[in-house]
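Enquirer: Here you go, entry15.cif (mmCIF, C-alpha atoms):
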data_entry
#
loop_
_atom_site.label_atom_id
_atom_site.label_comp_id
_atom_site.auth_asym_id
_atom_site.auth_seq_id
_atom_site.Cartn_x
_atom_site.Cartn_y
_atom_site.Cartn_z
CA MET A 1 117.05 49.85 -102.72
CA LEU A 2 116.90 46.11 -103.25
CA ARG A 3 115.93 45.13 -106.77
CA ALA A 4 113.54 42.54 -105.34
CA ALA A 5 111.73 45.34 -103.48
CA ALA A 6 111.69 47.49 -106.60
CA LEU A 7 110.21 44.64 -108.65
CA GLU A 8 107.63 43.92 -105.97
CA ALA A 9 106.57 47.58 -106.01
CA ILE A 10 105.99 47.60 -109.77
CA TYR A 11 104.75 44.02 -110.20
CA PRO A 12 101.05 45.00 -110.33
CA GLU A 13 101.91 47.44 -113.15
CA LEU A 14 103.89 44.79 -115.05
CA GLU A 15 101.37 41.98 -114.72
CA PRO A 16 98.97 42.80 -117.60
CA HIS A 17 101.65 43.92 -120.06
CA ILE A 18 104.26 42.32 -122.29
CA VAL A 19 107.50 42.07 -120.30
CA VAL A 20 110.96 41.08 -121.56
CA THR A 21 113.67 40.64 -118.94
CA ILE A 22 117.37 40.01 -119.07
CA MET A 23 118.92 36.86 -117.68
CA GLY A 24 120.01 36.05 -114.16
CA ALA A 25 118.86 37.80 -111.02
CA VAL A 26 116.23 39.99 -112.70
CA ALA A 27 114.60 37.01 -114.39
CA ALA A 28 114.64 34.88 -111.23
CA GLU A 29 113.27 37.65 -109.02
CA LEU A 30 110.44 38.47 -111.41
CA TYR A 31 109.65 34.77 -111.79
CA MET A 32 109.47 34.36 -108.00
CA LEU A 33 106.92 37.17 -107.77
CA GLY A 34 104.70 35.20 -110.11
CA HIS A 35 105.19 34.06 -113.67
CA ARG A 36 102.76 35.21 -116.33
CA PRO A 37 102.56 33.85 -119.90
CA ASN A 38 103.19 37.40 -121.17
CA PHE A 39 106.63 37.48 -119.45
CA PHE A 40 109.69 36.45 -121.48
CA TYR A 41 113.04 35.81 -119.80
CA LEU A 42 115.93 36.22 -122.23
CA GLU A 43 118.38 33.83 -120.60
CA HIS A 44 121.32 34.68 -122.87
CA ALA A 45 122.18 37.11 -125.69
CA MET A 46 123.18 39.81 -123.20
CA GLY A 47 122.16 43.28 -124.31
CA LEU A 48 119.41 42.17 -126.66
CA ALA A 49 116.37 42.38 -124.35
CA SER A 50 115.82 46.01 -125.33
CA SER A 51 116.15 45.15 -129.04
CA MET A 52 113.56 42.40 -128.59
CA GLY A 53 111.31 44.84 -126.78
CA LEU A 54 111.71 47.30 -129.66
CA GLY A 55 110.78 44.60 -132.18
CA ILE A 56 107.67 43.68 -130.18
CA ALA A 57 106.68 47.31 -129.59
CA LEU A 58 106.91 48.10 -133.32
CA SER A 59 104.92 44.95 -134.14
CA MET A 60 102.16 45.46 -131.56
CA PRO A 61 101.57 49.20 -131.27
CA GLY A 62 98.34 48.60 -129.32
CA GLN A 63 100.14 46.90 -126.42
CA LYS A 64 102.50 48.23 -123.78
CA VAL A 65 105.91 46.56 -123.77
CA ILE A 66 108.19 46.76 -120.75
CA VAL A 67 111.86 45.79 -120.87
CA LEU A 68 113.68 45.01 -117.62
CA ASP A 69 117.33 45.65 -118.42
CA GLY A 70 120.52 45.87 -116.38
CA ASP A 71 123.67 47.98 -116.43
CA GLY A 72 125.91 45.14 -117.61
CA SER A 73 123.51 44.20 -120.40
CA LEU A 74 122.90 47.77 -121.55
CA LEU A 75 126.63 48.51 -121.60
CA MET A 76 127.01 45.61 -124.06
CA ASN A 77 124.55 47.20 -126.49
CA LEU A 78 124.64 50.98 -126.01
CA GLY A 79 123.63 51.38 -129.66
CA THR A 80 120.17 50.16 -128.67
CA LEU A 81 119.51 53.53 -127.01
CA SER A 82 120.12 55.39 -130.27
CA THR A 83 117.98 52.91 -132.23
CA MET A 84 115.11 53.08 -129.72
CA ALA A 85 115.36 56.87 -129.69
CA ARG A 86 115.28 56.97 -133.49
CA TYR A 87 111.96 55.09 -133.74
CA ARG A 88 110.70 56.02 -130.23
CA PRO A 89 107.66 53.78 -129.96
CA GLY A 90 105.39 55.34 -127.35
CA ASN A 91 104.32 51.91 -126.11
CA LEU A 92 107.83 50.94 -124.98
CA LEU A 93 109.07 51.38 -121.40
CA HIS A 94 112.71 50.57 -120.73
CA ILE A 95 113.64 50.03 -117.08
CA VAL A 96 117.31 49.59 -116.26
CA PHE A 97 118.31 48.21 -112.88
CA ASP A 98 121.81 49.52 -112.26
CA ASN A 99 123.60 47.59 -109.53
CA GLU A 100 127.03 48.62 -110.86
CA SER A 101 127.89 44.96 -111.09
CA LEU A 102 127.85 41.86 -113.27
CA LEU A 103 126.20 40.17 -110.34
CA SER A 104 124.98 37.00 -111.99
CA VAL A 105 128.48 35.97 -113.07
CA GLY A 106 130.16 36.64 -109.76
CA GLY A 107 129.87 40.34 -109.03
CA PHE A 108 132.44 42.06 -111.20
CA PRO A 109 132.06 45.87 -111.12
CA THR A 110 130.76 47.49 -114.33
CA ALA A 111 131.70 50.93 -115.65
CA THR A 112 128.71 52.50 -113.86
CA SER A 113 130.69 51.84 -110.65
CA THR A 114 133.42 54.18 -111.91
CA GLY A 115 131.18 56.98 -113.10
CA THR A 116 129.52 56.00 -116.37
CA ASP A 117 126.10 57.63 -116.28
CA LEU A 118 123.46 55.54 -118.08
CA ALA A 119 120.75 58.18 -117.64
CA GLY A 120 123.07 60.73 -119.25
CA ILE A 121 123.83 58.34 -122.12
CA ALA A 122 120.11 57.67 -122.62
CA ARG A 123 119.34 61.43 -122.69
CA ALA A 124 122.20 62.15 -125.06
CA SER A 125 121.04 59.28 -127.29
CA GLY A 126 117.73 61.06 -127.72
CA ILE A 127 115.39 58.97 -125.53
CA PRO A 128 112.55 61.49 -125.08
CA VAL A 129 111.84 60.83 -121.38
CA VAL A 130 114.60 59.65 -119.05
CA LYS A 131 114.00 59.34 -115.32
CA GLU A 132 116.00 58.19 -112.37
CA ALA A 133 114.22 56.38 -109.58
CA HIS A 134 116.10 55.15 -106.56
CA THR A 135 113.24 54.21 -104.22
CA PRO A 136 110.41 51.70 -104.78
CA GLU A 137 107.89 54.57 -104.53
CA SER A 138 109.61 56.79 -107.10
CA LEU A 139 110.07 53.82 -109.44
CA LYS A 140 106.40 52.90 -109.12
CA SER A 141 105.30 56.43 -109.96
CA ALA A 142 107.74 56.67 -112.91
CA VAL A 143 106.38 53.39 -114.26
CA SER A 144 102.75 54.44 -113.77
CA GLU A 145 103.36 57.73 -115.57
CA ALA A 146 105.14 56.06 -118.47
CA LEU A 147 102.35 53.49 -118.88
CA ALA A 148 99.66 56.17 -118.67
CA GLY A 149 101.38 58.25 -121.33
CA ASN A 150 102.53 57.48 -124.82
CA THR A 151 106.19 58.49 -124.85
CA LEU A 152 109.21 56.21 -124.99
CA THR A 153 110.70 56.27 -121.50
CA THR A 154 113.90 54.94 -119.98
CA VAL A 155 114.02 54.70 -116.19
CA ILE A 156 117.39 54.15 -114.54
CA SER A 157 117.01 52.62 -111.13
CA LYS A 158 120.03 52.23 -108.86
CA VAL A 159 119.78 49.04 -106.82
CA GLU A 160 122.03 47.12 -104.46
CA ALA A 161 124.19 44.35 -105.86
CA VAL A 162 122.20 41.64 -104.11
CA GLY A 163 120.57 38.77 -105.91
CA PRO A 164 118.32 35.87 -105.06
CA LYS A 165 119.63 32.73 -103.32
CA THR A 166 118.91 30.69 -106.40
CA PHE A 167 118.47 31.48 -110.09
CA HIS A 168 116.44 28.32 -110.57
CA MET A 169 113.19 28.77 -112.46
CA ASP A 170 110.86 25.84 -113.03
CA LEU A 171 110.30 26.96 -116.60
CA PRO A 172 112.40 25.51 -119.43
CA LEU A 173 113.33 28.29 -121.81
CA LEU A 174 111.58 26.78 -124.83
CA GLU A 175 108.38 26.37 -122.81
CA ASN A 176 108.63 30.06 -121.94
CA ARG A 177 109.22 30.96 -125.60
CA PHE A 178 106.25 28.99 -127.00
CA GLN A 179 103.96 30.08 -124.17
CA PHE A 180 104.97 33.73 -124.67
CA LYS A 181 104.30 33.62 -128.40
CA ARG A 182 100.84 32.16 -127.75
CA ALA A 183 100.15 34.82 -125.11
CA LEU A 184 101.04 37.56 -127.61
CA GLU A 185 98.80 35.96 -130.24
CA ALA A 186 95.94 35.93 -127.72
CA MET A 187 96.57 39.60 -126.88
CA ARG A 188 96.54 40.47 -130.57
CA ARG A 189 93.28 38.52 -131.09
CA ALA A 190 91.65 40.14 -128.07
CA SER A 191 92.56 43.64 -129.25
CA THR A 192 91.28 42.90 -132.78
CA GLU A 193 87.99 41.71 -131.29
CA ARG A 194 87.74 44.79 -129.09
CA GLY A 195 88.30 46.92 -132.19
CA ARG A 196 85.32 45.40 -134.00
CA MET B 1 126.95 53.60 -158.55
CA PRO B 2 126.43 50.38 -160.51
CA VAL B 3 124.25 48.61 -157.97
CA SER B 4 121.43 46.98 -159.89
CA ILE B 5 118.18 48.85 -159.32
CA ALA B 6 116.19 46.26 -161.29
CA ASN B 7 117.45 43.33 -159.24
CA SER B 8 117.11 45.26 -155.98
CA ARG B 9 113.47 45.79 -156.99
CA LEU B 10 113.05 42.06 -157.64
CA ILE B 11 114.41 41.27 -154.18
CA TYR B 12 112.24 43.92 -152.56
CA ASP B 13 109.13 42.65 -154.34
CA ALA B 14 109.97 39.11 -153.22
CA LEU B 15 110.13 40.31 -149.59
CA LYS B 16 106.76 42.00 -150.04
CA ALA B 17 105.35 38.76 -151.48
CA CYS B 18 106.53 37.07 -148.26
CA ASP B 19 104.44 39.57 -146.26
CA VAL B 20 107.56 41.05 -144.65
CA LYS B 21 106.52 44.06 -142.57
CA ILE B 22 109.74 44.93 -140.74
CA ILE B 23 113.19 45.20 -142.29
CA SER B 24 116.21 45.91 -140.15
CA ALA B 25 119.30 47.09 -141.93
CA LEU B 26 122.73 48.55 -141.75
CA PRO B 27 123.69 50.31 -144.96
CA GLU B 28 126.30 48.96 -147.26
CA THR B 29 126.90 49.72 -150.93
CA TRP B 30 125.01 46.78 -152.42
CA LEU B 31 122.01 47.35 -150.16
CA VAL B 32 121.41 51.05 -150.85
CA HIS B 33 118.48 50.61 -153.23
CA LEU B 34 116.83 47.96 -151.08
CA ILE B 35 117.05 50.23 -148.04
CA ARG B 36 115.67 53.18 -150.01
CA MET B 37 112.76 51.04 -151.25
CA ALA B 38 111.96 50.04 -147.67
CA GLU B 39 112.14 53.66 -146.56
CA GLU B 40 109.82 54.85 -149.33
CA ASP B 41 107.24 52.11 -148.67
CA PRO B 42 104.57 53.36 -146.24
CA ASP B 43 103.61 49.77 -145.39
CA MET B 44 107.15 48.81 -144.35
CA THR B 45 108.82 49.53 -141.03
CA LEU B 46 112.52 50.08 -141.69
CA VAL B 47 114.73 49.92 -138.60
CA ARG B 48 118.15 51.39 -139.21
CA LEU B 49 120.52 49.75 -136.75
CA ALA B 50 123.66 50.85 -134.99
CA LYS B 51 124.97 47.28 -135.14
CA GLU B 52 123.65 44.11 -136.77
CA GLU B 53 123.23 42.19 -133.54
CA GLU B 54 120.35 44.48 -132.61
CA GLY B 55 118.57 43.22 -135.73
CA ILE B 56 118.51 39.66 -134.35
CA GLY B 57 116.67 40.94 -131.26
CA ILE B 58 114.27 43.04 -133.33
CA SER B 59 113.43 40.14 -135.65
CA ALA B 60 113.01 37.77 -132.68
CA GLY B 61 110.62 40.25 -131.05
CA ALA B 62 108.69 40.72 -134.29
CA TYR B 63 108.41 36.96 -134.80
CA LEU B 64 107.10 36.36 -131.28
CA ALA B 65 104.62 39.19 -131.88
CA GLY B 66 103.42 37.52 -135.09
CA VAL B 67 105.03 39.81 -137.67
CA ASN B 68 107.27 38.70 -140.54
CA SER B 69 110.62 40.42 -140.78
CA ALA B 70 113.84 40.28 -142.74
CA LEU B 71 117.40 41.38 -142.03
CA LEU B 72 119.60 43.15 -144.56
CA MET B 73 123.26 42.95 -143.73
CA GLN B 74 126.71 42.66 -145.22
CA ASN B 75 128.56 39.43 -144.53
CA HIS B 76 130.74 41.32 -142.03
CA GLY B 77 127.52 42.36 -140.30
CA PHE B 78 126.53 38.72 -140.14
CA PHE B 79 129.83 38.03 -138.37
CA ALA B 80 129.01 40.83 -135.91
CA ALA B 81 125.67 39.15 -135.16
CA ILE B 82 126.91 35.63 -134.49
CA ASN B 83 126.49 35.66 -130.71
CA PRO B 84 122.77 36.55 -130.78
CA ILE B 85 122.22 34.21 -133.73
CA VAL B 86 123.52 31.43 -131.46
CA SER B 87 122.29 32.56 -128.05
CA LEU B 88 118.92 33.93 -129.11
CA ALA B 89 117.77 32.61 -132.50
CA LEU B 90 119.22 29.10 -132.31
CA LEU B 91 118.75 28.76 -128.54
CA TYR B 92 115.10 29.81 -128.64
CA LYS B 93 114.26 28.29 -132.04
CA ILE B 94 113.49 31.62 -133.71
CA PRO B 95 113.29 31.74 -137.53
CA LEU B 96 115.30 34.50 -139.20
CA LEU B 97 115.34 35.50 -142.86
CA MET B 98 118.81 36.98 -143.35
CA LEU B 99 119.71 38.59 -146.69
CA ILE B 100 123.47 38.87 -146.70
CA SER B 101 125.48 40.73 -149.30
CA TYR B 102 128.29 38.40 -150.20
CA ARG B 103 131.24 40.75 -150.37
CA GLY B 104 134.76 39.48 -150.89
CA HIS B 105 133.79 36.65 -153.21
CA MET B 106 134.66 36.20 -156.91
CA GLY B 107 135.17 39.52 -158.66
CA GLU B 108 135.84 41.52 -155.49
CA LYS B 109 138.25 44.40 -156.06
CA ASP B 110 138.33 45.78 -152.51
CA PRO B 111 141.09 43.96 -150.64
CA TRP B 112 139.48 44.73 -147.26
CA GLN B 113 136.43 42.64 -148.13
CA THR B 114 138.29 39.52 -149.13
CA GLN B 115 138.90 37.90 -145.74
CA GLY B 116 135.20 38.07 -144.91
CA GLY B 117 134.39 36.61 -148.30
CA LEU B 118 136.52 33.57 -147.54
CA MET B 119 134.85 33.02 -144.16
CA THR B 120 131.19 33.54 -145.01
CA GLU B 121 130.12 30.10 -146.18
CA PRO B 122 132.31 28.15 -143.72
CA VAL B 123 130.83 30.12 -140.80
CA LEU B 124 127.26 29.68 -142.05
CA ARG B 125 127.89 25.96 -142.46
CA ALA B 126 129.49 25.71 -139.01
CA LEU B 127 126.32 27.25 -137.57
CA ASN B 128 124.25 24.77 -139.59
CA ILE B 129 122.38 27.64 -141.24
CA PRO B 130 120.88 26.64 -144.60
CA LEU B 131 121.91 28.98 -147.39
CA TRP B 132 120.73 29.90 -150.84
CA HIS B 133 122.86 31.73 -153.38
CA LEU B 134 121.01 34.37 -155.34
CA THR B 135 122.76 34.84 -158.66
CA ASN B 136 120.00 34.64 -161.24
CA PRO B 137 117.14 37.17 -161.35
CA ALA B 138 114.75 34.39 -162.38
CA ASP B 139 115.39 32.61 -159.04
CA VAL B 140 114.88 35.58 -156.75
CA GLN B 141 111.20 35.34 -155.89
CA ARG B 142 111.11 31.56 -155.53
CA ARG B 143 114.29 31.29 -153.48
CA ILE B 144 113.40 34.06 -151.05
CA LYS B 145 109.94 32.58 -150.53
CA ASP B 146 111.37 29.09 -150.07
CA ALA B 147 113.96 30.41 -147.60
CA GLN B 148 111.22 32.02 -145.51
CA THR B 149 109.12 28.85 -145.69
CA LEU B 150 112.01 26.72 -144.43
CA ALA B 151 112.83 29.21 -141.67
CA HIS B 152 109.26 29.11 -140.38
CA ALA B 153 108.89 25.34 -140.72
CA SER B 154 112.22 24.57 -139.04
CA LEU B 155 112.12 27.46 -136.53
CA HIS B 156 115.68 28.16 -137.59
CA PRO B 157 117.62 31.00 -139.24
CA VAL B 158 118.23 30.83 -142.98
CA ALA B 159 120.63 32.85 -145.12
CA VAL B 160 120.17 34.17 -148.64
CA LEU B 161 123.50 35.25 -150.10
CA LEU B 162 123.20 38.19 -152.48
CA SER B 163 125.89 37.72 -155.11
CA ARG B 164 127.91 40.21 -157.14
CA GLU B 165 126.36 38.85 -160.33
CA LEU B 166 122.93 39.88 -159.08
CA MET B 167 123.73 43.11 -157.28
CA TRP B 168 126.53 44.75 -159.23
CA GLU B 169 126.53 45.87 -162.85
CA ASP B 170 129.89 46.67 -164.39
#
Can you dump the structure from the file as structure tokens?

Expert:
Amino acid sequence: MLRAAALEAIYPELEPHIVVTIMGAVAAELYMLGHRPNFFYLEHAMGLASSMGLGIALSMPGQKVIVLDGDGSLLMNLGTLSTMARYRPGNLLHIVFDNESLLSVGGFPTATSTGTDLAGIARASGIPVVKEAHTPESLKSAVSEALAGNTLTTVISKVEAVGPKTFHMDLPLLENRFQFKRALEAMRRASTERGR
Amino acid sequence: MPVSIANSRLIYDALKACDVKIISALPETWLVHLIRMAEEDPDMTLVRLAKEEEGIGISAGAYLAGVNSALLMQNHGFFAAINPIVSLALLYKIPLLMLISYRGHMGEKDPWQTQGGLMTEPVLRALNIPLWHLTNPADVQRRIKDAQTLAHASLHPVAVLLSRELMWED
């Protein structure tokens, strides 16, 4: 499966929710499908997208938070799985695109190419629901189920090591950061008003 | 264990006065009472980390979601978190309130802490992170509040160094 096809299949599910992506191909491909102010692209600090998602999920329990992670990033911060599992916010969905490669820096193979099993690590870390989805349809249904429920879920999705032609995004990172914070404030205000 | 309960309480109360709702922490001797206070407080979310760098991500997420947070770490944990301090907090102008136990400084008996003690202030200064020393109980509330105020005004990390004089009674 191409990651671009996978993202296209789940884009309607992502659109209304808080999304944090890793850098590189994932960020560029999501951006090309259509930027939303509630999307944040973490363009550096590899491995920390899931920690950011955890911080947001704990701070805004009324909102769904979706992290788009990658094998190279997750391998840099495997402890995040044990920390997420420990606090297991039900509003957090962690999707890992595993292309077995550090594609954005030139395509070096990661340890998932030699047998490291991220779904197995996630299960053994205590993530309550771990799924594997290797087609756009199965990914879409895993995402829908996770968003309909209230259980921390990690979905490992094997994709081909193919990226976009360009990583260019017409969105300076500070603009993204300030816009994202405002979008989260608006979501918080809207949910407070709904609660009245 | 001669970690000061009274001064840990002062620090904890100062964090509460700053409306801190999330504390991320990795245990170390001087921080045990602070971590216990966070755990026993039903209005506090304590996130026990596997490694300090996760805490930078958690605090960044909390900040963007409008919630005040603080990080409790040893100075060696601060060293472990330098990459995300640079490539997340500084890059994206995210305020951080870091409370760092200043091991390896004057009075340290554990040889293994001493190298980190020598490096702490030079590394903070190299990163241009403003720092406050906490040595006097009378300064605790004011300095922690002022550190948070500067962090939020400057959109920049700040460090509060917890000293032996404050944390350790022998």

Enquirer: Quick one: contact table of chain A to chain B, 9 Å max, nearest atom pair and distance in Å to one decimal per residue, counting all atoms listed in the file, chain and number order, as CSV?

Expert:
residue,atom,partner,partner_atom,distance
A:Leu42,CA,B:Leu88,CA,7.8
A:Glu43,CA,B:Ser87,CA,8.5
A:His44,CA,B:Ser87,CA,5.7
A:Ala45,CA,B:Ser87,CA,5.1
A:Met46,CA,B:Pro84,CA,8.3
A:Gly47,CA,B:Glu54,CA,8.6
A:Leu48,CA,B:Gly57,CA,5.5
A:Ala49,CA,B:Gly57,CA,7.1
A:Ser50,CA,B:Gly57,CA,7.8
A:Ser51,CA,B:Gly57,CA,4.8
A:Met52,CA,B:Gly57,CA,4.4
A:Gly53,CA,B:Gly61,CA,6.3
A:Leu54,CA,B:Ile58,CA,6.2
A:Gly55,CA,B:Ile58,CA,4.0
A:Ile56,CA,B:Gly61,CA,4.6
A:Ala57,CA,B:Gly61,CA,8.2
A:Leu58,CA,B:Ala62,CA,7.7
A:Ser59,CA,B:Ala62,CA,5.7
A:Met60,CA,B:Ala65,CA,6.7
A:Asn77,CA,B:Glu54,CA,7.9
A:Gly79,CA,B:Ala50,CA,5.4
A:Thr80,CA,B:Glu54,CA,6.9
A:Ser82,CA,B:Ala50,CA,7.4
A:Thr83,CA,B:Leu49,CA,6.1
A:Arg86,CA,B:Arg48,CA,8.5
A:Tyr87,CA,B:Val47,CA,7.6
A:Leu173,CA,B:Tyr92,CA,7.2
A:Leu174,CA,B:Tyr92,CA,6.0
A:Arg177,CA,B:Tyr92,CA,6.7
A:Phe178,CA,B:Leu64,CA,8.6
A:Phe180,CA,B:Leu64,CA,7.4
A:Lys181,CA,B:Leu64,CA,4.9
A:Arg182,CA,B:Leu64,CA,8.3
A:Leu184,CA,B:Ala65,CA,5.8
A:Glu185,CA,B:Ala65,CA,6.9
A:Arg188,CA,B:Ala65,CA,8.3

Enquirer: Quote the spacing between atom CA of Ala183 of chain A and atom CA of Glu8 of chain A in Å to one decimal place.

Expert: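 Computed distance, atom CA of Ala183 of chain A to atom CA of Glu8 of chain A, equals 22.5 Å.
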
Enquirer: Mind giving me the straight-line distance from atom CA of Arg125 of chain B to atom CA of Leu72 of chain B in Å, one decimal?

Expert: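 A separation of 19.2 Å between them.
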
Enquirer: Quick one: everything within 10 Å of segment 35-44 of chain B, counting all atoms listed in the file, minus sequence neighbours fewer than 4 positions away in the same chain. Send it as a compact mmCIF listing (two decimals) with C-alpha atoms, keeping the file's coordinate frame.

Expert:
# COMPACT_ATOMS: atom_id res chain seq x y z
CA ILE B 5 118.18 48.85 -159.32
CA SER B 8 117.11 45.26 -155.98
CA ARG B 9 113.47 45.79 -156.99
CA TYR B 12 112.24 43.92 -152.56
CA ASP B 13 109.13 42.65 -154.34
CA LYS B 16 106.76 42.00 -150.04
CA ASP B 19 104.44 39.57 -146.26
CA VAL B 20 107.56 41.05 -144.65
CA LYS B 21 106.52 44.06 -142.57
CA ILE B 22 109.74 44.93 -140.74
CA ILE B 23 113.19 45.20 -142.29
CA SER B 24 116.21 45.91 -140.15
CA ALA B 25 119.30 47.09 -141.93
CA LEU B 26 122.73 48.55 -141.75
CA PRO B 27 123.69 50.31 -144.96
CA GLU B 28 126.30 48.96 -147.26
CA TRP B 30 125.01 46.78 -152.42
CA LEU B 31 122.01 47.35 -150.16
CA ARG B 48 118.15 51.39 -139.21
CA SER B 69 110.62 40.42 -140.78
CA LEU B 72 119.60 43.15 -144.56

Enquirer: What would the list of residues within 9 Å of (123.2, 39.2, -108.9) (file frame) look like as an NGL selection string, if only C-alpha atoms are what count?

Expert: :A and (24-26 or 99 or 101-107 or 161-164)

Enquirer: Please write the residues picked by the PyMOL selection byres ((chain A and resi 118-135) around 7) on this file as a PyMOL selection string.

Expert: chain A and resi 1+81-82+85+116-117+136-139+152-158

Enquirer: Those residues you just picked out, can you put them in a file as a tab-separated table (two decimals), in the frame of the given file with C-alpha atoms?

Expert:
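Wrote out25.tsv, looks like this:
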chain	number	residue	atom	x	y	z
A	1	MET	CA	117.05	49.85	-102.72
A	81	LEU	CA	119.51	53.53	-127.01
A	82	SER	CA	120.12	55.39	-130.27
A	85	ALA	CA	115.36	56.87	-129.69
A	116	THR	CA	129.52	56.00	-116.37
A	117	ASP	CA	126.10	57.63	-116.28
A	136	PRO	CA	110.41	51.70	-104.78
A	137	GLU	CA	107.89	54.57	-104.53
A	138	SER	CA	109.61	56.79	-107.10
A	139	LEU	CA	110.07	53.82	-109.44
A	152	LEU	CA	109.21	56.21	-124.99
A	153	THR	CA	110.70	56.27	-121.50
A	154	THR	CA	113.90	54.94	-119.98
A	155	VAL	CA	114.02	54.70	-116.19
A	156	ILE	CA	117.39	54.15	-114.54
A	157	SER	CA	117.01	52.62	-111.13
A	158	LYS	CA	120.03	52.23	-108.86

Enquirer: Written as a list in words, which residues does the PyMOL selection byres ((chain B and resi 115) around 12) give for the file shown?

Expert: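 Applying the PyMOL selection byres ((chain B and resi 115) around 12) to the structure shown produces Asn75, His76, Phe79, Tyr102, Arg103, Gly104, His105, Glu108, Asp110, Pro111, Trp112, Gln113, Thr114, Gly116, Gly117, Leu118, Met119, Thr120, Glu121 and Pro122 of chain B.
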
Enquirer: Could you write out that same residue set with C-alpha atoms as a PDB file, in the frame of the given file?

Expert:
ATOM      1  CA  ASN B  75     128.560  39.430-144.530  1.00  0.00           C
ATOM      2  CA  HIS B  76     130.740  41.320-142.030  1.00  0.00           C
ATOM      3  CA  PHE B  79     129.830  38.030-138.370  1.00  0.00           C
ATOM      4  CA  TYR B 102     128.290  38.400-150.200  1.00  0.00           C
ATOM      5  CA  ARG B 103     131.240  40.750-150.370  1.00  0.00           C
ATOM      6  CA  GLY B 104     134.760  39.480-150.890  1.00  0.00           C
ATOM      7  CA  HIS B 105     133.790  36.650-153.210  1.00  0.00           C
ATOM      8  CA  GLU B 108     135.840  41.520-155.490  1.00  0.00           C
ATOM      9  CA  ASP B 110     138.330  45.780-152.510  1.00  0.00           C
ATOM     10  CA  PRO B 111     141.090  43.960-150.640  1.00  0.00           C
ATOM     11  CA  TRP B 112     139.480  44.730-147.260  1.00  0.00           C
ATOM     12  CA  GLN B 113     136.430  42.640-148.130  1.00  0.00           C
ATOM     13  CA  THR B 114     138.290  39.520-149.130  1.00  0.00           C
ATOM     14  CA  GLY B 116     135.200  38.070-144.910  1.00  0.00           C
ATOM     15  CA  GLY B 117     134.390  36.610-148.300  1.00  0.00           C
ATOM     16  CA  LEU B 118     136.520  33.570-147.540  1.00  0.00           C
ATOM     17  CA  MET B 119     134.850  33.020-144.160  1.00  0.00           C
ATOM     18  CA  THR B 120     131.190  33.540-145.010  1.00  0.00           C
ATOM     19  CA  GLU B 121     130.120  30.100-146.180  1.00  0.00           C
ATOM     20  CA  PRO B 122     132.310  28.150-143.720  1.00  0.00           C
TER      21      PRO B 122
END

Enquirer: How many Å lie between atom CA of Pro61 of chain A and atom CA of Ser191 of chain A, rounded to one decimal?

Expert: 10.8 Å

Enquirer: So, counting all atoms listed in the file, which residue among B:Asn128, B:Ser4, B:Ser101, B:Gln141 is closest to Val160 of chain B?

Expert: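 So, comparing all the options, the nearest one is B:Ser101.
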